[in-house]
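Engineer: Structure file start-v2.tsv (TSV, C-alpha atoms and all ligand atoms) is given on the next line.
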```
chain	number	residue	atom	x	y	z
S	1400	SER	CA	-34.93	-12.08	-13.04
S	1401	LYS	CA	-37.17	-9.29	-11.83
S	1402	PHE	CA	-34.33	-6.83	-12.36
S	1403	GLN	CA	-33.78	-4.84	-15.53
S	1404	LYS	CA	-29.99	-4.71	-15.15
S	1405	ASN	CA	-27.39	-6.55	-13.12
S	1406	ILE	CA	-24.60	-4.08	-12.32
S	1407	LEU	CA	-21.23	-4.81	-10.74
S	1408	ILE	CA	-19.77	-1.97	-8.69
S	1409	THR	CA	-16.21	-2.66	-7.52
S	1410	GLY	CA	-14.77	-0.95	-4.44
S	1411	GLY	CA	-18.26	-0.19	-3.15
S	1412	ALA	CA	-17.19	-0.41	0.50
S	1413	GLY	CA	-14.71	2.45	0.06
S	1414	PHE	CA	-15.24	6.17	0.26
S	1415	ILE	CA	-16.59	7.10	-3.18
S	1416	GLY	CA	-17.87	3.61	-3.98
S	1417	SER	CA	-20.19	3.57	-0.97
S	1418	HIS	CA	-21.86	6.80	-2.12
S	1419	VAL	CA	-22.24	5.41	-5.65
S	1420	VAL	CA	-23.72	2.15	-4.34
S	1421	ARG	CA	-26.17	4.05	-2.10
S	1422	LEU	CA	-27.28	6.33	-4.96
S	1423	PHE	CA	-27.85	3.43	-7.39
S	1424	VAL	CA	-29.54	1.11	-4.87
S	1425	THR	CA	-31.99	3.78	-3.74
S	1426	LYS	CA	-32.59	5.57	-7.05
S	1427	TYR	CA	-32.90	2.46	-9.25
S	1428	PRO	CA	-34.91	-0.30	-7.54
S	1429	ASP	CA	-35.03	-2.07	-10.94
S	1430	TYR	CA	-31.28	-2.54	-10.96
S	1431	ARG	CA	-29.57	-5.27	-9.01
S	1432	ILE	CA	-26.37	-3.84	-7.55
S	1433	CYS	CA	-23.52	-6.21	-6.73
S	1434	ASN	CA	-20.82	-4.61	-4.63
S	1435	LEU	CA	-17.51	-6.46	-4.99
S	1436	ASP	CA	-14.89	-5.41	-2.47
S	1437	LYS	CA	-11.85	-7.02	-0.88
S	1438	LEU	CA	-12.35	-5.00	2.31
S	1439	THR	CA	-8.79	-3.73	2.57
S	1440	TYR	CA	-8.01	-1.24	5.33
S	1441	ALA	CA	-9.97	1.31	3.24
S	1442	GLY	CA	-13.10	-0.80	2.77
S	1443	ASN	CA	-15.72	-0.64	5.47
S	1444	LEU	CA	-19.20	-2.16	5.30
S	1445	GLU	CA	-20.33	0.23	8.03
S	1446	ASN	CA	-20.44	2.77	5.19
S	1447	LEU	CA	-23.47	0.93	3.79
S	1448	ARG	CA	-25.36	-0.12	6.89
S	1449	ASP	CA	-28.42	1.93	5.93
S	1450	ILE	CA	-28.97	0.14	2.60
S	1451	GLU	CA	-27.53	-3.34	3.16
S	1452	HIS	CA	-30.95	-4.96	3.61
S	1453	GLN	CA	-32.43	-3.65	0.34
S	1454	ASP	CA	-33.39	-6.57	-1.89
S	1455	ASN	CA	-31.63	-5.10	-4.94
S	1456	TYR	CA	-28.30	-4.99	-3.07
S	1457	ASN	CA	-25.78	-7.80	-2.83
S	1458	PHE	CA	-22.29	-7.77	-1.30
S	1459	ILE	CA	-19.51	-10.06	-2.53
S	1460	LYS	CA	-16.17	-10.16	-0.76
S	1461	GLY	CA	-13.36	-10.78	-3.22
S	1462	ASP	CA	-10.19	-9.59	-4.87
S	1463	ILE	CA	-10.22	-8.14	-8.40
S	1464	THR	CA	-6.70	-9.45	-8.99
S	1465	ASP	CA	-7.86	-13.07	-8.51
S	1466	GLN	CA	-8.32	-14.25	-12.11
S	1467	GLN	CA	-10.23	-17.47	-11.44
S	1468	PHE	CA	-12.55	-15.83	-8.94
S	1469	ILE	CA	-13.32	-12.95	-11.32
S	1470	PHE	CA	-13.99	-15.24	-14.29
S	1471	ASP	CA	-16.26	-17.50	-12.24
S	1472	LEU	CA	-18.14	-14.51	-10.86
S	1473	PHE	CA	-18.77	-13.03	-14.33
S	1474	ALA	CA	-19.74	-16.44	-15.74
S	1475	LYS	CA	-22.33	-16.83	-12.98
S	1476	GLU	CA	-23.67	-13.27	-12.83
S	1477	LYS	CA	-23.46	-12.22	-16.51
S	1478	PHE	CA	-23.27	-8.57	-15.47
S	1479	ASP	CA	-24.80	-6.03	-17.86
S	1480	ALA	CA	-22.39	-3.31	-16.78
S	1481	VAL	CA	-19.42	-2.65	-14.53
S	1482	ILE	CA	-18.64	0.54	-12.60
S	1483	HIS	CA	-15.06	0.08	-11.52
S	1484	LEU	CA	-13.84	1.98	-8.44
S	1485	ALA	CA	-11.77	-0.63	-6.56
S	1486	ALA	CA	-8.22	0.61	-6.21
S	1487	GLU	CA	-5.44	1.45	-3.87
S	1488	SER	CA	-6.04	5.19	-3.57
S	1489	HIS	CA	-3.58	6.91	-1.24
S	1490	VAL	CA	-0.56	8.68	-2.79
S	1491	ASP	CA	1.58	8.46	0.37
S	1492	ARG	CA	1.07	4.70	0.56
S	1493	SER	CA	2.01	4.39	-3.13
S	1494	ILE	CA	5.34	6.06	-2.39
S	1495	LYS	CA	6.04	3.42	0.28
S	1496	SER	CA	4.75	0.37	-1.59
S	1497	PRO	CA	4.25	0.91	-5.33
S	1498	MET	CA	3.82	-2.81	-6.06
S	1499	ASP	CA	0.50	-2.92	-4.18
S	1500	PHE	CA	-0.73	-0.23	-6.56
S	1501	ILE	CA	0.41	-2.09	-9.66
S	1502	TYR	CA	-1.43	-5.25	-8.57
S	1503	ALA	CA	-4.69	-3.64	-7.46
S	1504	ASN	CA	-4.93	-0.81	-9.98
S	1505	VAL	CA	-3.33	-2.23	-13.12
S	1506	VAL	CA	-3.57	-6.03	-12.84
S	1507	GLY	CA	-6.97	-5.85	-11.14
S	1508	THR	CA	-8.39	-3.60	-13.87
S	1509	VAL	CA	-7.11	-5.86	-16.65
S	1510	GLN	CA	-8.58	-8.96	-14.96
S	1511	LEU	CA	-11.97	-7.23	-14.96
S	1512	LEU	CA	-11.55	-6.11	-18.59
S	1513	ASN	CA	-10.81	-9.71	-19.65
S	1514	ALA	CA	-13.82	-11.07	-17.80
S	1515	ALA	CA	-16.10	-8.34	-19.22
S	1516	LYS	CA	-14.80	-8.98	-22.75
S	1517	GLU	CA	-15.52	-12.70	-22.40
S	1518	THR	CA	-19.00	-12.08	-20.97
S	1519	TRP	CA	-20.07	-9.58	-23.64
S	1520	LYS	CA	-18.48	-11.19	-26.71
S	1521	ASP	CA	-20.99	-11.83	-29.50
S	1522	THR	CA	-23.51	-9.51	-27.81
S	1523	GLN	CA	-24.45	-5.86	-28.14
S	1524	ASN	CA	-24.44	-5.75	-24.38
S	1525	GLY	CA	-22.17	-4.25	-21.77
S	1526	LEU	CA	-20.56	-1.10	-20.45
S	1527	PHE	CA	-17.26	-0.95	-18.62
S	1528	TYR	CA	-17.22	2.37	-16.78
S	1529	HIS	CA	-13.82	3.08	-15.27
S	1530	ILE	CA	-13.47	5.66	-12.48
S	1531	SER	CA	-10.19	7.54	-12.52
S	1532	THR	CA	-8.47	10.65	-11.27
S	1533	ASP	CA	-7.24	13.99	-12.60
S	1534	GLU	CA	-3.81	13.13	-11.18
S	1535	VAL	CA	-3.05	11.20	-14.40
S	1536	TYR	CA	-2.58	14.55	-16.15
S	1537	GLY	CA	0.38	15.60	-13.97
S	1538	SER	CA	0.87	19.04	-12.46
S	1539	LEU	CA	-0.29	22.42	-13.80
S	1540	ASP	CA	2.64	24.56	-12.73
S	1541	ASP	CA	2.09	27.32	-15.31
S	1542	GLY	CA	-1.65	27.86	-15.15
S	1543	GLY	CA	-4.37	26.41	-17.36
S	1544	TYR	CA	-6.78	23.52	-16.83
S	1545	PHE	CA	-6.93	19.80	-17.49
S	1546	LEU	CA	-9.03	19.02	-20.54
S	1547	GLU	CA	-10.15	15.56	-21.67
S	1548	SER	CA	-7.49	15.90	-24.39
S	1549	THR	CA	-4.62	16.83	-22.03
S	1550	PRO	CA	-1.75	14.34	-22.47
S	1551	TYR	CA	-1.09	12.00	-19.56
S	1552	ASP	CA	1.92	12.90	-17.41
S	1553	PRO	CA	1.56	11.03	-14.09
S	1554	GLN	CA	4.14	11.84	-11.42
S	1555	SER	CA	3.47	9.54	-8.45
S	1556	PRO	CA	3.31	5.73	-8.31
S	1557	TYR	CA	-0.41	6.12	-7.57
S	1558	SER	CA	-1.12	8.31	-10.59
S	1559	ALA	CA	1.15	6.17	-12.80
S	1560	SER	CA	-0.89	3.09	-11.85
S	1561	LYS	CA	-4.18	4.89	-12.54
S	1562	ALA	CA	-2.85	6.23	-15.86
S	1563	SER	CA	-1.79	2.72	-16.82
S	1564	SER	CA	-5.24	1.34	-16.00
S	1565	ASP	CA	-6.90	4.10	-18.05
S	1566	HIS	CA	-4.68	3.20	-21.02
S	1567	PHE	CA	-5.67	-0.48	-20.74
S	1568	VAL	CA	-9.35	0.41	-20.61
S	1569	ARG	CA	-9.00	2.54	-23.76
S	1570	ALA	CA	-6.86	-0.15	-25.43
S	1571	TYR	CA	-9.63	-2.74	-24.87
S	1572	HIS	CA	-12.05	-0.37	-26.59
S	1573	ASN	CA	-9.72	0.29	-29.52
S	1574	THR	CA	-8.51	-3.29	-29.90
S	1575	TYR	CA	-11.53	-5.43	-29.01
S	1576	GLY	CA	-14.40	-2.98	-29.31
S	1577	LEU	CA	-15.22	-3.27	-25.60
S	1578	PRO	CA	-17.80	-0.60	-24.70
S	1579	ILE	CA	-16.06	1.65	-22.20
S	1580	ILE	CA	-16.30	5.09	-20.61
S	1581	ILE	CA	-13.68	6.74	-18.40
S	1582	SER	CA	-14.12	9.67	-16.06
S	1583	ASN	CA	-11.33	11.57	-14.34
S	1584	CYS	CA	-12.35	13.45	-11.21
S	1585	SER	CA	-10.67	15.99	-8.97
S	1586	ASN	CA	-10.13	15.54	-5.20
S	1587	ASN	CA	-13.21	14.32	-3.36
S	1588	TYR	CA	-14.23	15.11	0.21
S	1589	GLY	CA	-17.24	14.26	2.36
S	1590	PRO	CA	-18.61	11.64	4.76
S	1591	ASN	CA	-16.96	8.19	5.00
S	1592	GLN	CA	-13.53	9.25	3.77
S	1593	PHE	CA	-10.72	7.35	5.45
S	1594	PRO	CA	-8.86	9.69	7.84
S	1595	GLU	CA	-5.49	9.31	6.13
S	1596	LYS	CA	-6.69	11.86	3.55
S	1597	LEU	CA	-6.28	15.58	4.24
S	1598	ILE	CA	-9.75	16.77	5.23
S	1599	PRO	CA	-10.87	13.94	7.55
S	1600	LEU	CA	-7.33	13.67	8.98
S	1601	PHE	CA	-7.39	17.35	9.91
S	1602	ILE	CA	-10.94	17.28	11.26
S	1603	ASN	CA	-9.94	14.41	13.54
S	1604	ASN	CA	-6.70	16.09	14.61
S	1605	ILE	CA	-8.35	19.44	15.33
S	1606	LYS	CA	-10.95	17.63	17.41
S	1607	ASN	CA	-8.21	15.88	19.41
S	1608	ASN	CA	-5.89	18.91	19.62
S	1609	LYS	CA	-3.21	17.12	17.60
S	1610	PRO	CA	-0.79	18.84	15.22
S	1611	LEU	CA	-1.96	19.49	11.64
S	1612	PRO	CA	0.92	18.33	9.41
S	1613	VAL	CA	0.87	20.60	6.32
S	1614	TYR	CA	3.23	19.52	3.52
S	1615	GLY	CA	5.87	22.07	2.47
S	1616	LYS	CA	4.51	25.59	2.74
S	1617	GLY	CA	0.94	24.57	2.01
S	1618	GLU	CA	1.16	26.12	-1.45
S	1619	ASN	CA	-0.19	23.11	-3.36
S	1620	VAL	CA	-3.51	23.74	-5.06
S	1621	ARG	CA	-6.28	21.12	-5.33
S	1622	ASP	CA	-9.72	21.29	-6.90
S	1623	TRP	CA	-12.27	19.89	-4.40
S	1624	LEU	CA	-15.60	18.21	-5.12
S	1625	TYR	CA	-18.21	16.93	-2.65
S	1626	VAL	CA	-18.32	13.13	-2.94
S	1627	ILE	CA	-22.09	13.03	-3.49
S	1628	ASP	CA	-21.67	15.38	-6.46
S	1629	HIS	CA	-19.13	12.92	-7.86
S	1630	ALA	CA	-21.65	10.10	-7.41
S	1631	ARG	CA	-24.29	12.22	-9.21
S	1632	ALA	CA	-21.84	12.79	-12.06
S	1633	ILE	CA	-21.15	9.04	-12.28
S	1634	ASP	CA	-24.91	8.41	-12.51
S	1635	LYS	CA	-25.22	10.94	-15.39
S	1636	ILE	CA	-22.23	9.56	-17.27
S	1637	PHE	CA	-23.30	5.94	-16.77
S	1638	HIS	CA	-26.72	6.64	-18.27
S	1639	HIS	CA	-26.04	9.35	-20.83
S	1640	GLY	CA	-22.29	9.37	-21.55
S	1641	THR	CA	-20.96	8.51	-25.01
S	1642	VAL	CA	-19.31	5.10	-25.25
S	1643	GLY	CA	-15.57	5.45	-25.88
S	1644	ASP	CA	-15.43	8.94	-24.37
S	1645	THR	CA	-13.64	10.48	-21.41
S	1646	TYR	CA	-15.30	12.96	-19.04
S	1647	ASN	CA	-13.49	15.23	-16.63
S	1648	ILE	CA	-15.37	15.90	-13.38
S	1649	GLY	CA	-14.64	18.86	-11.12
S	1650	GLY	CA	-16.28	21.77	-9.38
S	1651	PHE	CA	-14.15	24.74	-10.51
S	1652	ASN	CA	-13.21	24.94	-6.85
S	1653	GLU	CA	-9.49	25.46	-6.40
S	1654	TRP	CA	-7.98	25.85	-2.96
S	1655	LYS	CA	-4.44	26.32	-1.80
S	1656	ASN	CA	-3.88	23.71	0.95
S	1657	ILE	CA	-3.04	26.29	3.60
S	1658	ASP	CA	-6.18	28.34	2.85
S	1659	LEU	CA	-8.30	25.21	3.01
S	1660	VAL	CA	-6.75	24.24	6.36
S	1661	LYS	CA	-7.42	27.71	7.77
S	1662	LEU	CA	-11.03	27.61	6.59
S	1663	LEU	CA	-11.42	24.19	8.20
S	1664	CYS	CA	-9.91	25.50	11.44
S	1665	SER	CA	-12.37	28.38	11.57
S	1666	ILE	CA	-15.35	26.10	10.87
S	1667	MET	CA	-14.14	23.76	13.63
S	1668	ASP	CA	-13.54	26.59	16.13
S	1669	ASP	CA	-17.09	27.65	15.50
S	1670	LYS	CA	-18.62	24.18	15.87
S	1671	LEU	CA	-16.55	23.21	18.91
S	1672	GLY	CA	-17.20	26.53	20.64
S	1673	ARG	CA	-13.52	27.45	20.68
S	1674	SER	CA	-12.42	31.05	20.36
S	1675	ALA	CA	-11.40	32.17	16.87
S	1676	GLY	CA	-7.82	31.26	15.97
S	1677	THR	CA	-7.49	28.37	18.46
S	1678	SER	CA	-7.29	25.52	15.96
S	1679	GLU	CA	-4.94	27.35	13.58
S	1680	LYS	CA	-2.27	27.11	16.27
S	1681	LEU	CA	-2.14	23.36	15.57
S	1682	ILE	CA	-0.74	23.90	12.05
S	1683	THR	CA	2.79	22.50	11.71
S	1684	TYR	CA	4.72	22.52	8.46
S	1685	VAL	CA	6.35	19.18	7.61
S	1686	GLU	CA	8.79	18.13	4.89
S	1687	ASP	CA	7.05	18.19	1.52
S	1688	ARG	CA	5.80	14.97	-0.06
S	1689	ALA	CA	8.34	13.65	-2.60
S	1690	GLY	CA	7.36	14.68	-6.13
S	1691	HIS	CA	4.39	16.67	-4.82
S	1692	ASP	CA	2.37	18.04	-7.78
S	1693	LEU	CA	1.86	21.79	-7.39
S	1694	ARG	CA	-1.57	22.29	-8.90
S	1695	TYR	CA	-4.50	20.30	-10.27
S	1696	ALA	CA	-7.49	22.00	-11.87
S	1697	ILE	CA	-10.23	20.43	-13.95
S	1698	ASP	CA	-12.01	22.04	-16.86
S	1699	ALA	CA	-15.44	20.46	-16.33
S	1700	ARG	CA	-17.26	22.18	-19.21
S	1701	LYS	CA	-17.80	18.97	-21.20
S	1702	ILE	CA	-19.87	17.19	-18.52
S	1703	MET	CA	-21.62	20.45	-17.61
S	1704	GLU	CA	-22.62	21.26	-21.18
S	1705	GLU	CA	-23.20	17.78	-22.66
S	1706	LEU	CA	-24.74	16.07	-19.66
S	1707	ASN	CA	-26.18	19.02	-17.82
S	1708	TRP	CA	-24.42	18.18	-14.56
S	1709	GLU	CA	-23.24	20.70	-12.00
S	1710	PRO	CA	-22.15	20.53	-8.37
S	1711	SER	CA	-25.04	20.86	-5.92
S	1712	LEU	CA	-23.02	22.40	-3.08
S	1713	GLN	CA	-20.70	25.30	-2.52
S	1714	PHE	CA	-17.44	24.38	-0.80
S	1715	GLU	CA	-18.09	26.12	2.54
S	1716	GLU	CA	-21.44	24.35	2.81
S	1717	GLY	CA	-19.98	20.97	1.83
S	1718	LEU	CA	-17.13	21.37	4.28
S	1719	SER	CA	-19.50	22.33	7.08
S	1720	LYS	CA	-21.66	19.26	6.37
S	1721	THR	CA	-18.56	17.09	6.32
S	1722	VAL	CA	-17.38	18.40	9.69
S	1723	ASP	CA	-20.85	17.74	11.14
S	1724	TRP	CA	-20.75	14.17	9.84
S	1725	TYR	CA	-17.36	13.45	11.45
S	1726	LEU	CA	-18.37	15.07	14.74
S	1727	GLN	CA	-21.56	12.98	14.80
S	1728	ASN	CA	-20.04	9.69	13.72
S	1729	THR	CA	-17.45	9.18	16.44
S	1730	GLU	CA	-17.99	5.42	16.50
S	1731	TRP	CA	-17.11	5.14	12.80
S	1732	LEU	CA	-14.07	7.34	13.33
S	1733	ASN	CA	-12.84	5.49	16.43
S	1734	HIS	CA	-13.29	2.19	14.65
S	1735	VAL	CA	-11.23	3.12	11.58
S	1736	THR	CA	-8.53	5.01	13.50
S	1737	SER	CA	-7.68	2.08	15.77
S	1738	GLY	CA	-5.53	-0.97	15.01
S	1739	SER	CA	-3.47	-1.02	11.84
S	1740	TYR	CA	-4.29	2.59	11.00
S	1741	LYS	CA	-2.71	3.72	14.24
S	1742	LYS	CA	0.54	2.01	13.26
S	1743	TYR	CA	0.47	3.59	9.79
S	1744	TYR	CA	-0.18	7.02	11.29
S	1745	GLN	CA	2.74	6.73	13.69
S	1746	GLU	CA	5.11	5.66	10.91
S	1747	GLN	CA	3.94	8.43	8.61
S	1748	TYR	CA	3.74	11.40	10.98
S	1749	GLU	CA	5.28	10.60	14.34
S	1750	LYS	CA	8.56	8.98	13.33
S	1751	ASN	CA	10.83	11.60	14.91
S	1801	LIG	P1	-10.91	4.07	-1.14
S	1801	LIG	O1	-9.49	3.71	-0.87
S	1801	LIG	O2	-11.72	4.74	-0.10
S	1801	LIG	O3	-11.72	2.76	-1.56
S	1801	LIG	C1	-11.20	1.77	-2.39
S	1801	LIG	C2	-12.00	0.49	-2.20
S	1801	LIG	O4	-11.47	-0.51	-3.08
S	1801	LIG	C3	-11.92	-0.07	-0.78
S	1801	LIG	O5	-13.20	-0.40	-0.33
S	1801	LIG	C4	-11.05	-1.31	-0.95
S	1801	LIG	O6	-11.38	-2.34	-0.01
S	1801	LIG	C5	-11.34	-1.72	-2.37
S	1801	LIG	N1	-10.25	-2.50	-2.97
S	1801	LIG	C6	-8.92	-2.18	-2.99
S	1801	LIG	N2	-8.22	-3.15	-3.59
S	1801	LIG	C7	-9.12	-4.10	-3.98
S	1801	LIG	C8	-9.00	-5.36	-4.65
S	1801	LIG	N3	-7.81	-5.82	-5.03
S	1801	LIG	N4	-10.13	-6.06	-4.90
S	1801	LIG	C9	-11.34	-5.59	-4.51
S	1801	LIG	N5	-11.50	-4.43	-3.85
S	1801	LIG	C10	-10.40	-3.70	-3.58
S	1801	LIG	O7	-10.84	4.92	-2.48
S	1801	LIG	P2	-11.78	6.11	-3.00
S	1801	LIG	O8	-11.20	7.38	-2.57
S	1801	LIG	O9	-13.20	5.79	-2.72
S	1801	LIG	O10	-11.54	5.98	-4.58
S	1801	LIG	C11	-12.34	5.12	-5.38
S	1801	LIG	C12	-11.89	5.23	-6.84
S	1801	LIG	O11	-12.02	6.58	-7.28
S	1801	LIG	C13	-10.43	4.86	-7.06
S	1801	LIG	O12	-10.33	4.18	-8.29
S	1801	LIG	C14	-9.72	6.20	-7.12
S	1801	LIG	O13	-8.56	6.11	-7.93
S	1801	LIG	C15	-10.78	7.05	-7.77
S	1801	LIG	N6	-10.70	8.50	-7.44
S	1801	LIG	C16	-10.61	8.93	-6.15
S	1801	LIG	C17	-10.58	10.31	-5.87
S	1801	LIG	C18	-10.53	10.83	-4.46
S	1801	LIG	O14	-10.40	12.03	-4.26
S	1801	LIG	N7	-10.66	10.00	-3.44
S	1801	LIG	C19	-10.66	11.23	-6.92
S	1801	LIG	C20	-10.77	10.75	-8.23
S	1801	LIG	C21	-10.79	9.38	-8.48
```
As structure tokens, how would this structure be written, given the file I've shared?
Structural biologist:
Amino acid sequence: SKFQKNILITGGAGFIGSHVVRLFVTKYPDYRICNLDKLTYAGNLENLRDIEHQDNYNFIKGDITDQQFIFDLFAKEKFDAVIHLAAESHVDRSIKSPMDFIYANVVGTVQLLNAAKETWKDTQNGLFYHISTDEVYGSLDDGGYFLESTPYDPQSPYSASKASSDHFVRAYHNTYGLPIIISNCSNNYGPNQFPEKLIPLFINNIKNNKPLPVYGKGENVRDWLYVIDHARAIDKIFHHGTVGDTYNIGGFNEWKNIDLVKLLCSIMDDKLGRSAGTSEKLITYVEDRAGHDLRYAIDARKIMEELNWEPSLQFEEGLSKTVDWYLQNTEWLNHVTSGSYKKYYQEQYEKN
């Protein structure tokens, strides 16, 4: 093969995965990138239209929970490395249907681990890089930060499924010597995020003069990172991270939900030519999410010091770019907000 490495990226049609695929395909023409994605409601090949004709890019539609399919794929492709992002990713959906999260996030991860173990046995080859979330650490109600050594304490079905998958990845390293790395990142935002998540949901609702459903009193604190900075961190860790290690990724950028929503409203007022304060009137407080974690905050010193990574954007700038992207990509937005998403939205927010 003319390629130096054959890399499997799972979940590459999703939000973060599409940015990782784009970065690797364009930055490393010597790598062959295989994007494996089931194309669930969250997967969208429109996210990759600009790079889909590159000769080092290959899309495979398939399900990571399908054992035979995964084994056959690995036997044929003999991947040199896996970057695993495919997952069910939305906390609210996990509260409604936890089983979907156990299949995709736990069973799917273990199917991939088994296939990687089989492929790399008797070789010095391989890296299984698992992408996870800071939500596995639970909630920081009394201050402090999540460190790589913070004990796991997941609170939602989503975070419990991600925690479980992280444990399996580490167990395959400890038990079978599988070369692995795990990174746990804070909340991402940016272009191509499915509009069930806070920032794109609110951009879309402000645009359409629809209510902005804020959970509880909007006191929950999240640590936000621009998705392209996450992709840059994944690139650093993939190439320079220590096998067997965990890396926390975050931007030291904590925002109370209500403050974030108000900032977004003022950016949108500005961009839409509305008078100041117009969009804020759309804020409506709704019953809090069950088991809603109060605060997440990442201590990102390890990746900053060891791998010399830092976020490239300040939050206000990233948010402004994100708003621009959604205002410019109305076709993308209309496409993903029609059909089954509409039904989900009505059940979630318009039931009364
Ligand atoms: P997403 O929901 O936008 O994308 C997930 C992708 O996985 C979709 O393209 C979907 O089609 C695919 N997928 C789902 N089930 C599959 C299956 N069984 N087989 C094959 N493909 C399947 O999610 P995202 O926000 O891009 O998150 C990607 C990863 O990053 C997830 O593992 C998530 O836990 C993790 N993560 C997300 C955030 C965040 O803020 N979004 C933060 C930290 C970590």
Engineer: Find the residues near region 1713-1730 of chain S: any atom within 7 Å, counting all atoms listed in the file, skip ones fewer than 5 places away on the same chain, and give them as a count of residues only.
Structural biologist: 5
Engineer: For Ala1570 (chain S), find every residue with an atom within 12 Å (counting all atoms listed in the file), except residues of its own chain fewer than 6 positions away, and show them as a PyMOL selection string.
Structural biologist: chain S and resi 1509+1512-1513+1563-1564+1576-1581+1643
Engineer: Keeping C-alpha atoms for every residue in the selection just given, could you write it to a file as an mmCIF file, in the frame of the given file?
Structural biologist:
```
data_model
loop_
_atom_site.group_PDB
_atom_site.id
_atom_site.type_symbol
_atom_site.label_atom_id
_atom_site.label_comp_id
_atom_site.auth_asym_id
_atom_site.auth_seq_id
_atom_site.Cartn_x
_atom_site.Cartn_y
_atom_site.Cartn_z
ATOM 1 C CA VAL S 1509 -7.110 -5.860 -16.650
ATOM 2 C CA LEU S 1512 -11.550 -6.110 -18.590
ATOM 3 C CA ASN S 1513 -10.810 -9.710 -19.650
ATOM 4 C CA SER S 1563 -1.790 2.720 -16.820
ATOM 5 C CA SER S 1564 -5.240 1.340 -16.000
ATOM 6 C CA GLY S 1576 -14.400 -2.980 -29.310
ATOM 7 C CA LEU S 1577 -15.220 -3.270 -25.600
ATOM 8 C CA PRO S 1578 -17.800 -0.600 -24.700
ATOM 9 C CA ILE S 1579 -16.060 1.650 -22.200
ATOM 10 C CA ILE S 1580 -16.300 5.090 -20.610
ATOM 11 C CA ILE S 1581 -13.680 6.740 -18.400
ATOM 12 C CA GLY S 1643 -15.570 5.450 -25.880
#
```
Engineer: Pick from S:Lys1616, S:Arg1569, S:Lys1680, S:Arg1621: nearest to Asn1586 (chain S), with all atoms listed in the file counted?
Structural biologist: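 Among the listed residues, S:Arg1621 lies closest to Asn1586 (chain S).
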Engineer: Using CA of Lys1437 (chain S) and CA of Ala1630 (chain S) as the two end points, give the distance in Å to one decimal.
Structural biologist: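 The value is 20.8 Å.
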Engineer: Please report as CSV every residue of chain S lying within 8 Å of ligand LIG 1801 (chain S), along with the nearest atom pair and their distance in Å (one decimal), using only C-alpha atoms and all ligand atoms.
Structural biologist:
```
residue,atom,partner,partner_atom,distance
S:Thr1409,CA,S:LIG1801,N5,6.2
S:Gly1410,CA,S:LIG1801,O4,3.6
S:Gly1411,CA,S:LIG1801,O5,5.8
S:Ala1412,CA,S:LIG1801,O5,4.1
S:Gly1413,CA,S:LIG1801,O5,3.2
S:Phe1414,CA,S:LIG1801,O9,3.6
S:Ile1415,CA,S:LIG1801,O9,3.7
S:Gly1416,CA,S:LIG1801,O9,5.3
S:Ser1417,CA,S:LIG1801,O9,7.5
S:Leu1435,CA,S:LIG1801,C9,6.2
S:Asp1436,CA,S:LIG1801,N5,3.8
S:Lys1437,CA,S:LIG1801,C9,3.9
S:Leu1438,CA,S:LIG1801,O6,3.7
S:Thr1439,CA,S:LIG1801,O6,3.9
S:Tyr1440,CA,S:LIG1801,O6,6.4
S:Ala1441,CA,S:LIG1801,C3,4.7
S:Gly1442,CA,S:LIG1801,O5,3.1
S:Asn1443,CA,S:LIG1801,O5,6.3
S:Lys1460,CA,S:LIG1801,C9,7.6
S:Gly1461,CA,S:LIG1801,C9,5.7
S:Asp1462,CA,S:LIG1801,N4,3.5
S:Ile1463,CA,S:LIG1801,N4,4.1
S:Thr1464,CA,S:LIG1801,N3,5.5
S:His1483,CA,S:LIG1801,O12,7.0
S:Leu1484,CA,S:LIG1801,C12,4.1
S:Ala1485,CA,S:LIG1801,O4,3.5
S:Ala1486,CA,S:LIG1801,C6,4.3
S:Glu1487,CA,S:LIG1801,C6,5.1
S:Ser1488,CA,S:LIG1801,O1,4.6
S:His1489,CA,S:LIG1801,O1,6.7
S:Tyr1502,CA,S:LIG1801,N3,7.3
S:Ala1503,CA,S:LIG1801,N3,4.5
S:Asn1504,CA,S:LIG1801,O12,7.5
S:Gly1507,CA,S:LIG1801,N3,6.2
S:His1529,CA,S:LIG1801,O12,7.9
S:Ile1530,CA,S:LIG1801,O12,5.4
S:Ser1531,CA,S:LIG1801,C21,4.5
S:Thr1532,CA,S:LIG1801,C20,3.8
S:Asp1533,CA,S:LIG1801,C20,6.5
S:Glu1534,CA,S:LIG1801,C20,7.9
S:Lys1561,CA,S:LIG1801,O13,6.5
S:Asn1583,CA,S:LIG1801,C20,6.2
S:Cys1584,CA,S:LIG1801,C20,4.3
S:Ser1585,CA,S:LIG1801,C19,5.2
S:Asn1586,CA,S:LIG1801,O14,3.6
S:Asn1587,CA,S:LIG1801,O14,3.7
S:Tyr1588,CA,S:LIG1801,O14,6.6
S:Gln1592,CA,S:LIG1801,O2,6.2
S:Phe1593,CA,S:LIG1801,O2,6.2
```
Engineer: Take CA of Arg1688 (chain S) and CA of Tyr1614 (chain S) and report the distance between them in Å, one decimal.
Structural biologist: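 Answer for the CA of Arg1688 (chain S) to CA of Tyr1614 (chain S) separation: 6.3 Å.
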Engineer: If I take CA of Gly1676 (chain S) and CA of Trp1654 (chain S), how far is one from the other in Å, to one decimal?
Structural biologist: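 These two atoms are separated by 19.7 Å.
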Engineer: For a quick check of understanding, using all atoms listed in the file, which of S:Pro1710, S:Gly1738, S:Pro1556, S:Gly1649 has the smallest distance to Tyr1544 (chain S)?
Structural biologist: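 Closest to Tyr1544 (chain S), using all atoms listed in the file: S:Gly1649.
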Engineer: For Ile1636 (chain S), please output as a VMD selection string all residues within 12 Å (counting all atoms listed in the file; exclusion window: fewer than 6 positions along the same chain).
Structural biologist: chain S and resid 1482 1526 to 1530 1579 to 1583 1629 to 1630 1642 to 1648 1701 to 1703 1705 to 1708
